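Structure data follow from query20.cif (mmCIF, C-alpha atoms (C1' of nucleotides)):
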```cif
data_model
loop_
_atom_site.group_PDB
_atom_site.id
_atom_site.type_symbol
_atom_site.label_atom_id
_atom_site.label_comp_id
_atom_site.auth_asym_id
_atom_site.auth_seq_id
_atom_site.Cartn_x
_atom_site.Cartn_y
_atom_site.Cartn_z
ATOM 1 C CA MET A 24 -2.586 4.400 17.193
ATOM 2 C CA ILE A 25 -3.606 4.210 13.573
ATOM 3 C CA TYR A 26 -3.685 7.181 11.294
ATOM 4 C CA ASP A 27 -5.723 7.626 8.143
ATOM 5 C CA VAL A 28 -3.597 8.251 5.090
ATOM 6 C CA TYR A 29 -6.465 9.862 3.293
ATOM 7 C CA SER A 30 -6.642 12.697 5.766
ATOM 8 C CA GLU A 31 -4.668 15.716 4.852
ATOM 9 C CA ALA A 32 -3.233 16.448 8.266
ATOM 10 C CA CYS A 33 -2.185 12.850 8.757
ATOM 11 C CA PRO A 34 1.509 12.535 9.526
ATOM 12 C CA THR A 35 1.591 9.349 7.540
ATOM 13 C CA ARG A 36 1.248 11.517 4.500
ATOM 14 C CA LEU A 37 4.676 12.841 5.282
ATOM 15 C CA VAL A 38 6.112 9.380 5.029
ATOM 16 C CA LEU A 39 4.225 8.703 1.863
ATOM 17 C CA ASP A 40 5.493 11.941 0.435
ATOM 18 C CA ARG A 41 8.958 10.874 1.317
ATOM 19 C CA LEU A 42 8.528 7.574 -0.436
ATOM 20 C CA ALA A 43 7.142 9.467 -3.353
ATOM 21 C CA ASP A 44 10.673 10.350 -4.239
ATOM 22 C CA LYS A 45 12.230 9.040 -7.360
ATOM 23 C CA TRP A 46 15.495 8.221 -5.652
ATOM 24 C CA VAL A 47 14.561 6.959 -2.226
ATOM 25 C CA LEU A 48 13.619 3.521 -3.458
ATOM 26 C CA LEU A 49 16.766 3.208 -5.482
ATOM 27 C CA VAL A 50 19.065 4.412 -2.733
ATOM 28 C CA LEU A 51 17.495 2.140 -0.179
ATOM 29 C CA GLY A 52 17.655 -0.740 -2.592
ATOM 30 C CA ARG A 53 21.338 -0.269 -3.141
ATOM 31 C CA LEU A 54 22.117 0.027 0.532
ATOM 32 C CA THR A 55 20.443 -3.256 1.348
ATOM 33 C CA GLU A 56 23.419 -4.868 -0.308
ATOM 34 C CA GLY A 57 25.742 -3.266 2.163
ATOM 35 C CA PRO A 58 27.188 0.084 3.235
ATOM 36 C CA MET A 59 28.341 2.304 0.444
ATOM 37 C CA ARG A 60 30.261 5.518 0.054
ATOM 38 C CA PHE A 61 28.788 8.663 -1.342
ATOM 39 C CA ASN A 62 30.367 8.723 -4.746
ATOM 40 C CA HIS A 63 29.972 5.017 -5.183
ATOM 41 C CA LEU A 64 26.280 5.385 -4.596
ATOM 42 C CA ARG A 65 26.269 8.266 -7.000
ATOM 43 C CA ARG A 66 27.822 6.189 -9.722
ATOM 44 C CA GLU A 67 25.611 3.199 -9.069
ATOM 45 C CA ILE A 68 22.428 5.122 -9.455
ATOM 46 C CA GLU A 69 22.492 6.642 -12.875
ATOM 47 C CA GLY A 70 20.960 10.030 -13.191
ATOM 48 C CA VAL A 71 21.186 11.435 -9.672
ATOM 49 C CA SER A 72 22.976 14.697 -9.325
ATOM 50 C CA GLN A 73 25.287 15.241 -6.411
ATOM 51 C CA LYS A 74 22.949 17.800 -4.981
ATOM 52 C CA VAL A 75 19.886 15.625 -5.068
ATOM 53 C CA LEU A 76 21.652 12.550 -3.752
ATOM 54 C CA SER A 77 22.978 14.631 -0.920
ATOM 55 C CA GLN A 78 19.542 15.919 -0.044
ATOM 56 C CA THR A 79 18.013 12.496 -0.320
ATOM 57 C CA LEU A 80 20.571 10.937 1.982
ATOM 58 C CA LYS A 81 20.174 13.677 4.532
ATOM 59 C CA ARG A 82 16.454 13.181 4.639
ATOM 60 C CA LEU A 83 16.816 9.452 4.907
ATOM 61 C CA GLU A 84 19.228 9.914 7.764
ATOM 62 C CA ARG A 85 16.836 12.230 9.523
ATOM 63 C CA ASP A 86 14.074 9.708 9.105
ATOM 64 C CA GLY A 87 16.212 7.067 10.720
ATOM 65 C CA LEU A 88 16.339 4.971 7.585
ATOM 66 C CA VAL A 89 20.055 5.206 6.932
ATOM 67 C CA THR A 90 23.090 6.038 9.010
ATOM 68 C CA ARG A 91 26.003 8.172 8.004
ATOM 69 C CA GLN A 92 29.455 7.458 9.297
ATOM 70 C CA ALA A 93 32.452 9.638 8.537
ATOM 71 C CA PHE A 94 35.960 8.294 8.789
ATOM 72 C CA PRO A 95 38.678 10.858 9.557
ATOM 73 C CA THR A 96 40.860 9.833 6.673
ATOM 74 C CA VAL A 97 42.361 12.270 4.212
ATOM 75 C CA PRO A 98 40.386 12.952 2.255
ATOM 76 C CA VAL A 99 37.410 12.099 4.372
ATOM 77 C CA THR A 100 35.485 8.920 3.710
ATOM 78 C CA VAL A 101 31.798 8.653 4.412
ATOM 79 C CA GLU A 102 29.841 5.473 4.495
ATOM 80 C CA TYR A 103 26.108 5.197 4.347
ATOM 81 C CA ALA A 104 24.329 2.170 5.667
ATOM 82 C CA ILE A 105 20.725 1.144 5.946
ATOM 83 C CA THR A 106 19.158 0.803 9.376
ATOM 84 C CA PRO A 107 16.916 -2.050 10.487
ATOM 85 C CA LEU A 108 13.952 0.266 10.090
ATOM 86 C CA GLY A 109 15.119 1.238 6.661
ATOM 87 C CA ARG A 110 15.488 -2.388 5.770
ATOM 88 C CA THR A 111 11.893 -3.149 6.573
ATOM 89 C CA LEU A 112 10.866 -0.300 4.336
ATOM 90 C CA SER A 113 13.178 -1.371 1.590
ATOM 91 C CA GLU A 114 11.733 -4.834 1.536
ATOM 92 C CA THR A 115 8.322 -3.386 0.995
ATOM 93 C CA ALA A 116 9.616 -0.910 -1.514
ATOM 94 C CA GLN A 117 11.468 -3.506 -3.521
ATOM 95 C CA ALA A 118 8.165 -5.165 -4.169
ATOM 96 C CA LEU A 119 7.271 -2.046 -6.098
ATOM 97 C CA ALA A 120 10.431 -2.205 -8.125
ATOM 98 C CA ARG A 121 9.698 -5.830 -8.883
ATOM 99 C CA TRP A 122 6.185 -4.917 -9.904
ATOM 100 C CA ALA A 123 7.597 -2.311 -12.227
ATOM 101 C CA GLU A 124 10.043 -4.741 -13.750
ATOM 102 C CA THR A 125 7.399 -7.370 -14.159
ATOM 103 C CA ASN A 126 4.661 -5.220 -15.568
ATOM 104 C CA ILE A 127 6.549 -2.644 -17.539
ATOM 105 C CA GLU A 128 5.590 -4.277 -20.786
ATOM 106 C CA ALA A 129 1.908 -4.334 -19.975
ATOM 107 C CA VAL A 130 2.095 -0.682 -19.051
ATOM 108 C CA MET A 131 3.950 0.274 -22.191
ATOM 109 C CA ALA A 132 1.448 -1.646 -24.270
ATOM 110 C CA ALA A 133 -1.390 0.188 -22.575
ATOM 111 C CA GLN A 134 0.295 3.489 -23.269
ATOM 112 C CA ALA A 135 0.773 2.628 -26.909
ATOM 113 C CA ALA A 136 -2.867 1.642 -27.254
ATOM 114 C CA TYR A 137 -4.002 4.782 -25.496
ATOM 115 C CA ASP A 138 -1.821 7.001 -27.621
ATOM 116 C CA ALA A 139 -2.888 5.366 -30.849
ATOM 117 C CA GLN A 140 -6.519 5.866 -29.991
ATOM 118 C CA ALA A 141 -5.989 9.403 -28.797
ATOM 119 C CA GLY A 142 -4.114 10.223 -31.963
ATOM 120 C CA GLY A 143 -6.991 9.365 -34.271
ATOM 121 C CA GLN A 144 -9.316 11.110 -31.883
ATOM 122 C CA THR A 145 -8.812 14.586 -33.242
ATOM 123 C CA SER A 146 -12.187 14.951 -34.853
ATOM 124 C CA ARG A 147 -11.595 14.253 -38.499
ATOM 125 C CA ALA A 148 -15.366 14.002 -38.678
ATOM 126 C CA THR A 149 -17.047 12.269 -41.567
ATOM 127 C CA THR A 150 -15.249 14.291 -44.198
ATOM 128 C CA MET B 30 13.043 -9.698 -20.432
ATOM 129 C CA ILE B 31 14.272 -8.116 -17.245
ATOM 130 C CA TYR B 32 15.304 -4.514 -17.016
ATOM 131 C CA ASP B 33 17.621 -2.951 -14.493
ATOM 132 C CA VAL B 34 15.982 -0.183 -12.528
ATOM 133 C CA TYR B 35 19.315 1.321 -11.704
ATOM 134 C CA SER B 36 20.057 2.110 -15.311
ATOM 135 C CA GLU B 37 19.030 5.505 -16.410
ATOM 136 C CA ALA B 38 17.579 4.510 -19.763
ATOM 137 C CA CYS B 39 15.552 1.715 -18.230
ATOM 138 C CA PRO B 40 11.857 2.024 -18.992
ATOM 139 C CA THR B 41 11.085 0.652 -15.578
ATOM 140 C CA ARG B 42 12.231 3.980 -14.258
ATOM 141 C CA LEU B 43 9.216 5.466 -15.921
ATOM 142 C CA VAL B 44 6.949 3.261 -13.907
ATOM 143 C CA LEU B 45 8.840 3.995 -10.760
ATOM 144 C CA ASP B 46 8.593 7.672 -11.479
ATOM 145 C CA ARG B 47 4.905 7.256 -11.909
ATOM 146 C CA LEU B 48 4.590 5.544 -8.572
ATOM 147 C CA ALA B 49 6.675 8.277 -7.106
ATOM 148 C CA ASP B 50 3.608 10.410 -7.168
ATOM 149 C CA LYS B 51 2.017 11.554 -3.993
ATOM 150 C CA TRP B 52 -1.485 10.854 -5.233
ATOM 151 C CA VAL B 53 -1.192 7.697 -7.279
ATOM 152 C CA LEU B 54 -1.110 5.449 -4.263
ATOM 153 C CA LEU B 55 -4.050 7.179 -2.675
ATOM 154 C CA VAL B 56 -6.155 7.187 -5.816
ATOM 155 C CA LEU B 57 -5.461 3.561 -6.520
ATOM 156 C CA GLY B 58 -6.178 2.696 -2.927
ATOM 157 C CA ARG B 59 -9.544 4.342 -3.050
ATOM 158 C CA LEU B 60 -10.510 2.729 -6.309
ATOM 159 C CA THR B 61 -9.852 -0.747 -4.999
ATOM 160 C CA GLU B 62 -13.010 -0.287 -2.970
ATOM 161 C CA GLY B 63 -15.028 0.206 -6.104
ATOM 162 C CA PRO B 64 -15.615 2.619 -8.986
ATOM 163 C CA MET B 65 -15.891 6.239 -8.028
ATOM 164 C CA ARG B 66 -16.834 9.498 -9.653
ATOM 165 C CA PHE B 67 -14.462 12.360 -10.170
ATOM 166 C CA ASN B 68 -15.674 14.737 -7.529
ATOM 167 C CA HIS B 69 -16.256 11.981 -5.069
ATOM 168 C CA LEU B 70 -12.667 10.933 -5.441
ATOM 169 C CA ARG B 71 -11.672 14.530 -5.062
ATOM 170 C CA ARG B 72 -13.491 14.857 -1.803
ATOM 171 C CA GLU B 73 -12.234 11.557 -0.466
ATOM 172 C CA ILE B 74 -8.632 12.424 -0.961
ATOM 173 C CA GLU B 75 -7.998 15.563 1.007
ATOM 174 C CA GLY B 76 -5.605 17.977 -0.513
ATOM 175 C CA VAL B 77 -5.738 17.165 -4.203
ATOM 176 C CA SER B 78 -6.613 19.994 -6.479
ATOM 177 C CA GLN B 79 -8.947 19.395 -9.375
ATOM 178 C CA LYS B 80 -6.145 19.956 -11.800
ATOM 179 C CA VAL B 81 -3.759 17.507 -10.248
ATOM 180 C CA LEU B 82 -6.376 14.824 -9.753
ATOM 181 C CA SER B 83 -7.355 15.219 -13.366
ATOM 182 C CA GLN B 84 -3.784 14.825 -14.521
ATOM 183 C CA THR B 85 -3.197 11.892 -12.252
ATOM 184 C CA LEU B 86 -6.254 10.056 -13.492
ATOM 185 C CA LYS B 87 -5.371 10.670 -17.092
ATOM 186 C CA ARG B 88 -1.918 9.246 -16.591
ATOM 187 C CA LEU B 89 -3.291 6.254 -14.747
ATOM 188 C CA GLU B 90 -5.724 5.658 -17.574
ATOM 189 C CA ARG B 91 -2.966 5.854 -20.123
ATOM 190 C CA ASP B 92 -0.929 3.378 -18.134
ATOM 191 C CA GLY B 93 -3.829 0.962 -18.162
ATOM 192 C CA LEU B 94 -4.244 1.115 -14.412
ATOM 193 C CA VAL B 95 -7.697 2.659 -14.325
ATOM 194 C CA THR B 96 -10.565 2.960 -16.762
ATOM 195 C CA ARG B 97 -12.717 5.962 -17.374
ATOM 196 C CA GLN B 98 -16.336 5.603 -18.319
ATOM 197 C CA ALA B 99 -18.585 8.521 -19.154
ATOM 198 C CA PHE B 100 -22.337 8.240 -18.913
ATOM 199 C CA PRO B 101 -24.345 10.532 -21.209
ATOM 200 C CA THR B 102 -26.464 11.945 -18.438
ATOM 201 C CA VAL B 103 -27.022 15.642 -17.892
ATOM 202 C CA PRO B 104 -24.815 16.753 -16.494
ATOM 203 C CA VAL B 105 -22.364 14.106 -17.519
ATOM 204 C CA THR B 106 -21.302 11.456 -15.037
ATOM 205 C CA VAL B 107 -17.862 9.906 -15.156
ATOM 206 C CA GLU B 108 -16.824 6.863 -13.271
ATOM 207 C CA TYR B 109 -13.300 5.728 -12.686
ATOM 208 C CA ALA B 110 -12.495 2.137 -11.927
ATOM 209 C CA ILE B 111 -9.339 0.212 -11.288
ATOM 210 C CA THR B 112 -8.224 -2.397 -13.793
ATOM 211 C CA PRO B 113 -6.923 -5.864 -12.926
ATOM 212 C CA LEU B 114 -3.422 -4.623 -13.651
ATOM 213 C CA GLY B 115 -3.993 -1.621 -11.468
ATOM 214 C CA ARG B 116 -5.234 -3.867 -8.736
ATOM 215 C CA THR B 117 -2.055 -5.878 -8.681
ATOM 216 C CA LEU B 118 -0.117 -2.671 -8.346
ATOM 217 C CA SER B 119 -2.384 -1.358 -5.675
ATOM 218 C CA GLU B 120 -1.921 -4.433 -3.565
ATOM 219 C CA THR B 121 1.784 -3.894 -3.662
ATOM 220 C CA ALA B 122 1.418 -0.203 -3.081
ATOM 221 C CA GLN B 123 -0.888 -0.616 -0.133
ATOM 222 C CA ALA B 124 1.917 -2.410 1.600
ATOM 223 C CA LEU B 125 3.753 0.875 1.526
ATOM 224 C CA ALA B 126 0.841 2.729 3.021
ATOM 225 C CA ARG B 127 0.651 0.122 5.733
ATOM 226 C CA TRP B 128 4.350 0.471 6.363
ATOM 227 C CA ALA B 129 3.881 4.201 6.691
ATOM 228 C CA GLU B 130 1.008 3.793 9.108
ATOM 229 C CA THR B 131 2.887 1.254 11.142
ATOM 230 C CA ASN B 132 6.206 3.003 11.317
ATOM 231 C CA ILE B 133 5.251 6.640 11.356
ATOM 232 C CA GLU B 134 5.995 6.901 15.038
ATOM 233 C CA ALA B 135 9.443 5.434 14.702
ATOM 234 C CA VAL B 136 10.169 7.844 11.886
ATOM 235 C CA MET B 137 8.898 10.841 13.784
ATOM 236 C CA ALA B 138 10.957 9.824 16.783
ATOM 237 C CA ALA B 139 14.032 9.577 14.597
ATOM 238 C CA GLN B 140 13.340 13.005 13.185
ATOM 239 C CA ALA B 141 12.959 14.502 16.622
ATOM 240 C CA ALA B 142 16.221 12.955 17.750
ATOM 241 C CA TYR B 143 17.997 14.141 14.654
ATOM 242 C CA ASP B 144 16.680 17.654 14.962
ATOM 243 C CA ALA B 145 17.545 17.894 18.626
ATOM 244 C CA GLN B 146 21.075 16.829 17.958
ATOM 245 C CA ALA B 147 21.437 19.057 14.920
ATOM 246 C CA GLY B 148 20.151 22.003 16.904
ATOM 247 C CA GLY B 149 22.899 21.851 19.518
ATOM 248 C CA GLN B 150 25.389 21.212 16.758
ATOM 249 C CA THR B 151 25.983 24.823 15.835
ATOM 250 C CA SER B 152 29.493 25.111 17.193
ATOM 251 C CA ARG B 153 29.160 26.882 20.495
ATOM 252 C CA ALA B 154 32.778 25.849 20.993
ATOM 253 C CA THR B 155 34.383 25.438 24.398
ATOM 254 C CA THR B 156 33.814 28.868 25.781
ATOM 255 C "C1'" DC C 14 36.336 12.617 -1.311
ATOM 256 C "C1'" DT C 15 32.192 14.688 0.512
ATOM 257 C "C1'" DG C 16 29.798 17.857 0.638
ATOM 258 C "C1'" DT C 17 27.567 23.104 0.842
ATOM 259 C "C1'" DA C 18 26.251 27.572 -1.456
ATOM 260 C "C1'" DT C 19 24.687 30.011 -5.282
ATOM 261 C "C1'" DC C 20 22.569 31.102 -9.526
ATOM 262 C "C1'" DC C 21 19.606 29.970 -13.056
ATOM 263 C "C1'" DA C 22 16.380 27.134 -15.939
ATOM 264 C "C1'" DA C 23 12.616 23.987 -15.878
ATOM 265 C "C1'" DA C 24 8.753 21.787 -13.998
ATOM 266 C "C1'" DA C 25 4.894 21.270 -10.761
ATOM 267 C "C1'" DT C 26 0.999 23.565 -8.516
ATOM 268 C "C1'" DG C 27 -2.836 26.690 -7.135
ATOM 269 C "C1'" DA C 28 -6.249 29.881 -8.336
ATOM 270 C "C1'" DT C 29 -9.366 31.361 -11.499
ATOM 271 C "C1'" DA C 30 -12.282 31.417 -15.316
ATOM 272 C "C1'" DC C 31 -14.692 29.160 -18.757
ATOM 273 C "C1'" DT C 32 -16.849 24.957 -21.690
ATOM 274 C "C1'" DG C 33 -19.863 20.856 -22.735
ATOM 275 C "C1'" DC D 27 -20.629 17.343 -12.974
ATOM 276 C "C1'" DA D 28 -16.267 16.934 -15.136
ATOM 277 C "C1'" DG D 29 -13.079 18.828 -16.904
ATOM 278 C "C1'" DT D 30 -9.623 22.225 -19.835
ATOM 279 C "C1'" DA D 31 -6.879 26.600 -20.408
ATOM 280 C "C1'" DT D 32 -4.167 30.123 -18.679
ATOM 281 C "C1'" DC D 33 -1.414 32.740 -15.651
ATOM 282 C "C1'" DA D 34 1.366 33.712 -11.493
ATOM 283 C "C1'" DT D 35 3.897 31.560 -8.184
ATOM 284 C "C1'" DT D 36 6.435 28.257 -5.843
ATOM 285 C "C1'" DT D 37 9.390 24.200 -6.009
ATOM 286 C "C1'" DT D 38 12.620 21.650 -7.786
ATOM 287 C "C1'" DG D 39 16.632 20.482 -10.254
ATOM 288 C "C1'" DG D 40 21.087 20.998 -12.790
ATOM 289 C "C1'" DA D 41 25.554 23.288 -13.276
ATOM 290 C "C1'" DT D 42 29.216 25.401 -11.229
ATOM 291 C "C1'" DA D 43 32.352 26.880 -7.828
ATOM 292 C "C1'" DC D 44 34.289 26.327 -3.662
ATOM 293 C "C1'" DA D 45 35.417 24.346 1.401
ATOM 294 C "C1'" DG D 46 36.794 20.839 5.002
#
```

Encoding of this model in structure tokens:
Amino acid sequence: MIYDVYSEACPTRLVLDRLADKWVLLVLGRLTEGPMRFNHLRREIEGVSQKVLSQTLKRLERDGLVTRQAFPTVPVTVEYAITPLGRTLSETAQALARWAETNIEAVMAAQAAYDAQAGGQTSRATT
Amino acid sequence: MIYDVYSEACPTRLVLDRLADKWVLLVLGRLTEGPMRFNHLRREIEGVSQKVLSQTLKRLERDGLVTRQAFPTVPVTVEYAITPLGRTLSETAQALARWAETNIEAVMAAQAAYDAQAGGQTSRATT
DNA sequence: CTGTATCCAAAATGATACTG
DNA sequence: CAGTATCATTTTGGATACAG
């Protein structure tokens, strides 16, 4: 069955909302390189707080995109890994990251142009 | 020059943050089909408020992803269209929407499994 | 180390009203 | 029609402290 993303009640929206998370793409991207422990992940991705990373990982686990494995060491060690499903998503998602890397300059140029024009826009009138 | 998305200061993050917007993908997707007026867009995409759609469009315009053209009719008519740059992004982004549509069932199944297991998890102990 | 719980500040959103 | 402005509310996030 195919759902329509433009419909409000569509469950696909839920997935899209999930993807619409600053960190999901980055986490998934990192995990494609191999399993990683919590704090390692935290250090790799600059800017995530412990709280948010924790939440993100839990959601991803619930969605079946990553797995969480705890080793009964002291102190405990936890390894996160991407699932096959997660990997298919990540591949798609990485295309976005690549787009961003490739077109960042065009976007920044557009912003500069827009801002310059908007700046002089404040009706100075004819005098 | 290539930036590293994982670095906090990286400008690419800004783009990624932009994409990490619930509505951007949907708006862009709709505009690939042709220019569209404000309220039409609003009706097409269920769930957006006027305010949020307005903000979204303004950001997209600033980023050079869509153009805004006002016709001096009464009342005024405004048409939004996607730019070539926006189109390249949209193509990439649509892959995500397709992924969501394709894999929504797998994700929902994973969620159900996770929830079921988490539910019985509340230590009932041995007794 | 890997989290959860709590409190608080900041940001996003909805509803409403009003303008060109 | 196409917005902007404002306010109240909800969400979200960071900082901190603490537990297994």

Exercise for review: For chain D, report every residue with an atom at most 8 Å from chain B (counting all atoms listed in the file), formatted as a list in words.
Suggested key: DC27, DA28 and DG29 of chain D

**Study point:** Best match for closeness to Leu57 in chain B among B:Ala139, B:Ala122, B:Glu108, B:Gln146, counting only C-alpha atoms
**Key:**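 Closest residue, counting only C-alpha atoms: B:Ala122.
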
Check your understanding: Quick one: distance from CA of Thr112 in chain B to CA of Ser36 in chain B in Å, one decimal?
Key ->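 Separation between CA of Thr112 in chain B and CA of Ser36 in chain B: 28.7 Å.
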
Exercise for review: May I ask you to extract the residues of chain B within 9 Å of chain A, using all atoms listed in the file, and to give them as a PyMOL selection string?
Suggested key: chain B and resi 30-38+40-52+54-55+59+73-76+90-94+114+117-118+121-122+124-126+128-133+135-144

Could you pull the residues within 8 Å of range 19-31 of chain C, counting all atoms listed in the file, minus those fewer than 3 positions along the same chain, as an mmCIF file with C-alpha atoms (C1' of nucleotides), keeping the file's coordinate frame?
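part-v4.cif written:
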```cif
data_model
loop_
_atom_site.group_PDB
_atom_site.id
_atom_site.type_symbol
_atom_site.label_atom_id
_atom_site.label_comp_id
_atom_site.auth_asym_id
_atom_site.auth_seq_id
_atom_site.Cartn_x
_atom_site.Cartn_y
_atom_site.Cartn_z
ATOM 1 C CA SER B 78 -6.613 19.994 -6.479
ATOM 2 C CA VAL B 81 -3.759 17.507 -10.248
ATOM 3 C "C1'" DT D 36 6.435 28.257 -5.843
ATOM 4 C "C1'" DT D 37 9.390 24.200 -6.009
ATOM 5 C "C1'" DT D 38 12.620 21.650 -7.786
ATOM 6 C "C1'" DG D 39 16.632 20.482 -10.254
#
```
